[in-house]
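Enquirer: Here it is, the structure in full.
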Amino acid sequence: MKTLVCALILSLGMMVSAQAQINVGRIIKSRAESRASQKIGQATDKVMDTAEKEVVEEAKKKPKKDAKTQSAEEEAETEEEETSEEAPEPASKAASSKTKTAAAPAAEMKLYSKYDFVPGDKVLFTDNQINEETGEFPSRWDLIEGNAEIAELNGEKIINFVDVGTTITPLMTKDKYLPEVFTIEMDVYFDVYDYYNLRLWNEKKGKTEENGKLDYIHITHSEARMPNNNNVGSAIPDAENLKQGKWKHIALAFNKRSLKLYIDQHRLLNVPVLDGKPTALSLEAGHYNSQSRKMMVRNVRIAEGGKDLYNRVMSEGKIITHGITFDVNKSLIKPESMGTINQLVKLMNEQSDLKFEIGGHTDSDGDDASNLKLSQARADAVKTQLVSLGIDASRLTTKGYGETKPLGANDSPEAKANNRRVEFVKK
């Protein structure tokens with residue numbers, strides 16, 4: 001009998017040990033995959049290390065989720081927002097899948113520590129292709145030349161330039177739609193042979209050198225130049241040698257006569273006086289090699305500029321920002337948001353008496369309660385980022401308003417984009 005009991009105990013012990021090893025193996029594998037895909041920063045590593053030790057210790061008993069993980073998994077899907085950079089979520093899943101809140105990737109945010117691009121106040125045009133039909137011409141654009149269609153890459157809808165030389169222009173209600181101060185943003189896909197020509201026009205329909213064209217910006221993965229303006233421009237220092245395709249963020253700011261252009265965190269164009277005033281634009285895609293080309297664009301946004309931050313808060317009592325953006329239905333701040341955040345840090349350092357309530361706002365898509373919860377998480381994430389940059393936490397409070405305070409009706413993509421915002425209200 002003793003022999004049988006001992007055998008049973010030994011067998012149970014081996015089963016528990018094996019189960020613990022399986023759980024630990026899954027934890028380590030999950031952790032490795034998460035870090036590889038999300039490029040989590042050092043601050044997040046510490047949190048993960050602590051959580052992992054706790055899980056491993058409990059693996060021999062009963063696996064359980066901590067409060068933070070449980071809360072993150074309950075965060076509901078809500079509005080349509082800008083897509084993630086490296087691993088885009090399929091658009092078809094945007095309304096149904098559970099989401100998680102993650103800390104901002106510290107390494108990527110650090111790269112943008114000197115980024116000074118701030119998007120315009122009012123969104124004039126936006127297109128993220130979410131509701132488009134695959135294989136059809138993009139409905140919010142007009143074709144000047146070539147062939148373009150909606151396609152999917154890793155489950156995400158994008159605009160695909162089918163032929164070299166394909167040129168498209170935003171389908172706007174007016175031929176002259178660019179104001180005196182404006183910004184343009186887009187994500188473009190590069191491999192080593194891709195290039196894009198961002199053309200500025202006096203007239204939307206101008207197609208020749210003599211018919212309204214001001215100049216164009218020739219953009220590759222590593223440089224930006226204006227060939228008709230003495231080839232002014234520059235290259236990214238120590239630019240990476242692309243071995244596979246990669247999305248890059250393009251941002252352009254025009255202020256009455258000056259022009260700046262950025263590729264990711266690098267400012268490559270700084271033209272103090274542009275000869276002429278742009279009133280419209282077009283985008284042409286090209287490729288130096290006829291084989292294996294992928295010319296694509298997504299998340300295009302044109303916005304009208306406005307007052308600087310100090311004048312806004314002094315005249316209006318608040319600062320409305322559309323430049324702080326997040327991954328889809330998450331509170332993860334995108335690195336290109338650092339232009340706006342850096343300006344806020346500068347303002348608060350110069351005006352030491354300024355205190356703000358940070359208000360998170362969504363559009364009306366999705367569940368009301370979930371939007372409220374998400375907007376609070378985003379406001380908290382912005383506060384955390386500002387505090388990490390030296391702003392005293394006592395100068396900041398946060399509140400999520402969800403969809404309860406729209407700037408206008410949620411009846412168009414542009415209206416929804418304007419309602420998705422972060423506000424800094426003077427206290």
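Here, A, B, ... name the chains of the structure tokens in the order displayed, residue numbers run from 1 inside each chain, and ligands are numbered from 1 in the same displayed order.
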Determine, counting only C-alpha atoms, which protein, DNA and RNA residues have an atom within 6 Å of an atom of stretch 134-148 of chain A; residues of the same chain fewer than 2 positions away are not included. Present the result as JSON, numbers by chain.

Expert: {"A": [150, 151, 160, 161, 162, 163, 166, 167, 168, 169, 170, 171]}

Enquirer: Residues of stretch 279-369 of chain A classed as alpha helix (DSSP H) by DSSP on the backbone are to be reported as a list in words.

Expert: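 Filtering stretch 279-369 of chain A to alpha helix (DSSP H) leaves Leu309, Tyr310, Asn311, Arg312, Val313, Met314, Ser315, Glu316, Met338, Gly339, Thr340, Ile341, Asn342, Gln343, Leu344, Val345, Lys346, Leu347, Met348, Asn349, Glu350, Asp368 and Ala369 of chain A.
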
Enquirer: Based on the selection just made, write C-alpha atoms of those residues as a PDB file, in the first residue's frame.

Expert:
ATOM      1  CA  LEU A 309       0.016  77.351 -28.194  1.00  0.00           C
ATOM      2  CA  TYR A 310       0.554  80.352 -25.911  1.00  0.00           C
ATOM      3  CA  ASN A 311      -1.795  82.609 -27.885  1.00  0.00           C
ATOM      4  CA  ARG A 312      -4.408  79.853 -27.960  1.00  0.00           C
ATOM      5  CA  VAL A 313      -4.467  79.344 -24.219  1.00  0.00           C
ATOM      6  CA  MET A 314      -4.404  83.081 -23.511  1.00  0.00           C
ATOM      7  CA  SER A 315      -7.237  83.917 -25.925  1.00  0.00           C
ATOM      8  CA  GLU A 316      -9.389  80.811 -25.568  1.00  0.00           C
ATOM      9  CA  MET A 338       6.038  64.149 -29.728  1.00  0.00           C
ATOM     10  CA  GLY A 339       5.977  67.318 -31.849  1.00  0.00           C
ATOM     11  CA  THR A 340       2.859  68.529 -30.029  1.00  0.00           C
ATOM     12  CA  ILE A 341       3.991  67.144 -26.675  1.00  0.00           C
ATOM     13  CA  ASN A 342       7.400  68.837 -26.955  1.00  0.00           C
ATOM     14  CA  GLN A 343       5.686  72.179 -27.641  1.00  0.00           C
ATOM     15  CA  LEU A 344       3.486  71.737 -24.569  1.00  0.00           C
ATOM     16  CA  VAL A 345       6.499  70.945 -22.403  1.00  0.00           C
ATOM     17  CA  LYS A 346       8.255  74.060 -23.700  1.00  0.00           C
ATOM     18  CA  LEU A 347       5.178  76.198 -23.002  1.00  0.00           C
ATOM     19  CA  MET A 348       4.768  74.870 -19.455  1.00  0.00           C
ATOM     20  CA  ASN A 349       8.459  75.349 -18.702  1.00  0.00           C
ATOM     21  CA  GLU A 350       8.282  78.951 -19.914  1.00  0.00           C
ATOM     22  CA  ASP A 368     -20.566  55.084 -25.061  1.00  0.00           C
ATOM     23  CA  ALA A 369     -19.144  53.562 -21.884  1.00  0.00           C
TER      24      ALA A 369
END

Enquirer: Calculated over only C-alpha atoms, which of the candidates A:Lys294, A:Phe117, A:Glu108, A:Glu304 has the smallest distance to A:Asn270?

Expert: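 Among A:Lys294, A:Phe117, A:Glu108, A:Glu304, it is A:Phe117 that comes nearest to A:Asn270.
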
Enquirer: Just how far from atom CA of A:Leu124 is atom CA of A:His221, in Å to one decimal?

Expert: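 Calculated distance between atom CA of A:His221 and atom CA of A:Leu124 is 26.8 Å.
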
Enquirer: Give me the residues within 9 Å of A:Ala235 as a CSV table (one decimal) with C-alpha atoms, in the first residue's frame, counting only C-alpha atoms and dropping any in the same chain fewer than 5 places off.

Expert:
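Contents of around.csv, as written:
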chain,number,residue,atom,x,y,z
A,222,SER,CA,16.3,58.3,-46.9
A,223,GLU,CA,16.0,61.8,-48.4
A,224,ALA,CA,13.8,64.6,-49.6
A,225,ARG,CA,14.7,67.2,-52.2
A,266,HIS,CA,14.1,63.8,-39.3
A,268,LEU,CA,15.0,67.1,-44.2

Enquirer: Can you check which residues of stretch 211-368 of chain A DSSP gives as strand (DSSP E) on the backbone and send them as a PyMOL selection string?

Expert: chain A and resi 213-219+223-226+232-235+246-255+258-263+266-271+280-287+296-304+318-321+356-361
